[in-house]
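Working notes, structure below.
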Amino acid sequence: MTRSATIKKDLYNEPMQEVEAMLKRKNDLKVDRFATISGIRGMQFGKEIFATVLKFKDLRRFLEVFPNVQRNISYRKVAKIKTYAISGVENPNAMRFFPAITVTARGNVFYDTSANRIAIDTENSNLSVNDGQHRFYGIDGAIEELKVRSNKAKDIVIKAKIDTYLEELENMVIPMTIFNNLTEEEEKQLFYDSNNLASRPSRSATIKLAQNDYVARMAREISETNKSLIRFGVEMDKMSIHKNNPNTVLLTTVYAMIKNLYWTTYINDYEFINEKTYNEYKMFTVDTFNKIFASLPKDMDTKDKYILGRNYALKGIAKYVHYARLEKKYSDSEIFEAIKKVDWSLDLHVWSNYGAYPSEKKGILQFGGNGEGGIRGVYEMCMDKLKG
């Protein structure tokens with residue numbers, strides 16, 4: 001098959017010579033009338049698909065987001081991805097990865113099999129981001145942020161460093177899968193399938209595997225080394241603990257406890273625990289965990305005996321410790337003595353004053369608010385014991 005035979009002839013009535021001349025260009029990406037980039041072609045359920053990579057600096061001028069085939073954008077998620085991208089160039093040791101963006105070609109795509117190059121008529125076609133709009137805006141925002149920092153930098157050395165970061169980030173690439181010439185209905189279905197068929201990992205699995213989340217790392221390490229948690233057992237995989245499960249505490253609960261112990265700091269700086277501060281925070285957290293468990297019943301792992309078997313209880317205790325220390329300025333001896341005074345049994349008469357009501361399951365107390373009511377109830381109970 002000749003090269004010209006591999007190029008669709010019926011699109012926009014373009015002269016064959018113009019398309020072929022364009023395909024001979026060896027630049028990574030040139031956006032004038034045509035955009036060309038290396039890639040491979042395949043088929044999926046009768047649809048033409050291309051796989052390629054695109055430099056970060058070319059995302060904005062090459063791709064578009066069409067709201068009618070997308071969910072509403074989360075600006076908080078975009079900001080988080082922007083910070084994630086910048087931290088990757090600022091810290092060479094940070095592990096950072098961006099999976100492929102899925103796009104759809106509104107128009108058509110030329111392909112040269114012999115040269116493995118994709119060509120798109122940019123005047124008559126659009127590439128619509130189907131899955132990955134937050135990565136798209138987050139990466140673009142990171143580049144713009146570094147440009148602003150560079151322009152504002154007055155120190156030559158600092159400006160040079162920022163410019164180095166900017167150049168490195170701009171020239172990184174992200175994988176891209178292009179579905180060619182889909183209808184709007186097919187684009188919507190592609191978005192649905194991309195998000196519905198993908199199985200999101202459980203929160204426990206995320207905490208267990210995350211390498212850049214220092215709170216997750218601390219939760220794992222404390223779960224594996226704290227004597228009380230080893231004794232009571234931490235469930236590292238599941239999101240709930242059934243009666244026959246020998247473990248008492250969820251990994252997600254340990255993670256939430258650490259955040260609650262430093263809540264005021266956390267909401268002002270999500271990365272307050274980092275490479276530099278990790279050991280200091282871990283030592284203080286371990287000491288606090290030891291004091292918490294020393295203040296609780298020694299048989300707290302007995303099934304259906306204490307309210308402590310519910311994951312909200314330990315979260316509520318951590319919240320109480322944080323506010324009693326930070327806002328109320330009580331001493332640790334007072335704070336943990338109050339925990340000892342709490343009746344942790346499943347006594348409805350005791351806990352009904354703090355929002356508990358009987359559950360359909362015998363011997364189990366229930367709070368409203370999808371767990372938040374239980375956290376608040378335990379917090380208020382501990383506070384009353386502290387004040388009383």
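Residue numbering restarts at 1 in every chain; chains get A, B, ... in the order shown in the structure tokens, and ligands count up from 1 in that same order.
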
Within stretch 140-243 of chain A, find each residue whose DSSP state, derived from the backbone, is strand (DSSP E or B), and express the selection as a CSV table (one decimal) with N, CA and C atoms, in the first residue's frame.
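The result, written out as part.csv:
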```csv
chain,number,residue,atom,x,y,z
A,173,VAL,N,5.7,14.9,29.2
A,173,VAL,CA,4.7,14.5,28.3
A,173,VAL,C,3.7,13.7,29.1
A,174,ILE,N,2.4,13.6,28.5
A,174,ILE,CA,1.4,12.8,29.1
A,174,ILE,C,0.8,11.9,28.0
A,175,PRO,N,0.6,10.7,28.3
A,175,PRO,CA,0.0,9.8,27.3
A,175,PRO,C,-1.4,10.2,26.9
A,176,MET,N,-1.8,10.0,25.7
A,176,MET,CA,-3.1,10.4,25.2
A,176,MET,C,-3.7,9.4,24.3
A,177,THR,N,-4.9,9.0,24.6
A,177,THR,CA,-5.6,8.1,23.7
A,177,THR,C,-6.7,8.9,23.0
A,178,ILE,N,-6.7,8.8,21.6
A,178,ILE,CA,-7.7,9.5,20.8
A,178,ILE,C,-8.7,8.6,20.2
A,179,PHE,N,-10.0,8.8,20.5
A,179,PHE,CA,-11.0,8.1,19.8
A,179,PHE,C,-11.5,9.0,18.7
A,180,ASN,N,-11.5,8.4,17.5
A,180,ASN,CA,-11.7,9.2,16.3
A,180,ASN,C,-13.1,9.3,15.8
A,234,VAL,N,-5.3,-4.2,63.5
A,234,VAL,CA,-5.7,-3.2,62.6
A,234,VAL,C,-6.1,-3.9,61.3
A,235,GLU,N,-7.3,-3.6,60.8
A,235,GLU,CA,-7.8,-4.1,59.5
A,235,GLU,C,-7.2,-3.3,58.4
```

Next item on the list: Taking the DSSP assignment computed from this structure's backbone, write out as a ChimeraX atom specification all residues of stretch 91-334 of chain A that belong to helix (DSSP H, G or I).
Entry: /A:133-152,156-170,184-196,203-209,214-225,227-232,251-261,263-268,278-294,307-309,311-326,332-334

Next item on the list: For each of A:Arg60, A:Lys161, A:Arg231, A:Arg117, take the minimum atom-to-atom distance to A:Ile143, counting only C-alpha atoms, then give the residue where this is smallest.
Entry: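 Residue with the minimum atom-to-atom distance to A:Ile143: A:Arg60.
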
Notebook entry, point to check: atom CA of A:Glu372 to atom CA of A:Ala324: how many Å, to one decimal?
Noted result: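 Going from atom CA of A:Glu372 over to atom CA of A:Ala324, I get 18.7 Å.
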
Notebook entry, point to check: Leaving out stretch 63-69 of chain A and any residue of its chain fewer than 3 positions from it, which residues lie within 8 Å of it when counting only C-alpha atoms, given as a VMD selection string?
Noted result: chain A and resid 59 to 60 72 126 to 130 133 184 187 to 188 191

Selection file, N, CA and C atoms, as a PDB file, in the first residue's frame:
```
ATOM      1  N   LEU A  59      -0.837  21.179  25.818  1.00  0.00           N
ATOM      2  CA  LEU A  59      -2.184  20.748  26.178  1.00  0.00           C
ATOM      3  C   LEU A  59      -3.225  21.816  25.867  1.00  0.00           C
ATOM      4  N   ARG A  60      -2.973  23.054  26.308  1.00  0.00           N
ATOM      5  CA  ARG A  60      -3.966  24.108  26.163  1.00  0.00           C
ATOM      6  C   ARG A  60      -4.269  24.436  24.706  1.00  0.00           C
ATOM      7  N   ASN A  72     -19.290  18.417  36.151  1.00  0.00           N
ATOM      8  CA  ASN A  72     -18.877  19.742  36.612  1.00  0.00           C
ATOM      9  C   ASN A  72     -17.460  19.678  37.169  1.00  0.00           C
ATOM     10  N   ASN A 126     -11.578  19.371  16.257  1.00  0.00           N
ATOM     11  CA  ASN A 126     -11.307  19.652  17.664  1.00  0.00           C
ATOM     12  C   ASN A 126     -10.963  18.348  18.371  1.00  0.00           C
ATOM     13  N   LEU A 127     -10.094  18.429  19.349  1.00  0.00           N
ATOM     14  CA  LEU A 127      -9.840  17.291  20.223  1.00  0.00           C
ATOM     15  C   LEU A 127     -10.473  17.613  21.575  1.00  0.00           C
ATOM     16  N   SER A 128     -11.486  16.849  21.931  1.00  0.00           N
ATOM     17  CA  SER A 128     -12.262  17.091  23.138  1.00  0.00           C
ATOM     18  C   SER A 128     -11.779  16.174  24.256  1.00  0.00           C
ATOM     19  N   VAL A 129     -11.426  16.769  25.406  1.00  0.00           N
ATOM     20  CA  VAL A 129     -11.013  15.959  26.558  1.00  0.00           C
ATOM     21  C   VAL A 129     -12.223  15.213  27.077  1.00  0.00           C
ATOM     22  N   ASN A 130     -12.129  13.888  27.060  1.00  0.00           N
ATOM     23  CA  ASN A 130     -13.242  13.068  27.521  1.00  0.00           C
ATOM     24  C   ASN A 130     -13.041  12.614  28.956  1.00  0.00           C
ATOM     25  N   GLN A 133     -10.136  15.885  32.478  1.00  0.00           N
ATOM     26  CA  GLN A 133     -10.209  17.351  32.438  1.00  0.00           C
ATOM     27  C   GLN A 133      -9.520  17.988  33.645  1.00  0.00           C
ATOM     28  N   GLU A 184     -21.714  12.824  19.565  1.00  0.00           N
ATOM     29  CA  GLU A 184     -21.801  13.340  20.926  1.00  0.00           C
ATOM     30  C   GLU A 184     -22.353  12.288  21.875  1.00  0.00           C
ATOM     31  N   GLU A 187     -19.561  10.041  22.692  1.00  0.00           N
ATOM     32  CA  GLU A 187     -18.632  10.682  23.624  1.00  0.00           C
ATOM     33  C   GLU A 187     -19.147  10.567  25.062  1.00  0.00           C
ATOM     34  N   LYS A 188     -20.448  10.785  25.234  1.00  0.00           N
ATOM     35  CA  LYS A 188     -21.032  10.684  26.570  1.00  0.00           C
ATOM     36  C   LYS A 188     -20.913   9.259  27.103  1.00  0.00           C
ATOM     37  N   PHE A 191     -17.351   8.578  28.196  1.00  0.00           N
ATOM     38  CA  PHE A 191     -17.091   9.146  29.517  1.00  0.00           C
ATOM     39  C   PHE A 191     -17.692   8.258  30.605  1.00  0.00           C
TER      40      PHE A 191
END
```

Checklist line | Residue with smallest distance to A:Leu326 - pool A:Leu261, A:Ile158, A:Ala356, A:Ile118, counting only C-alpha atoms | finding: A:Leu261
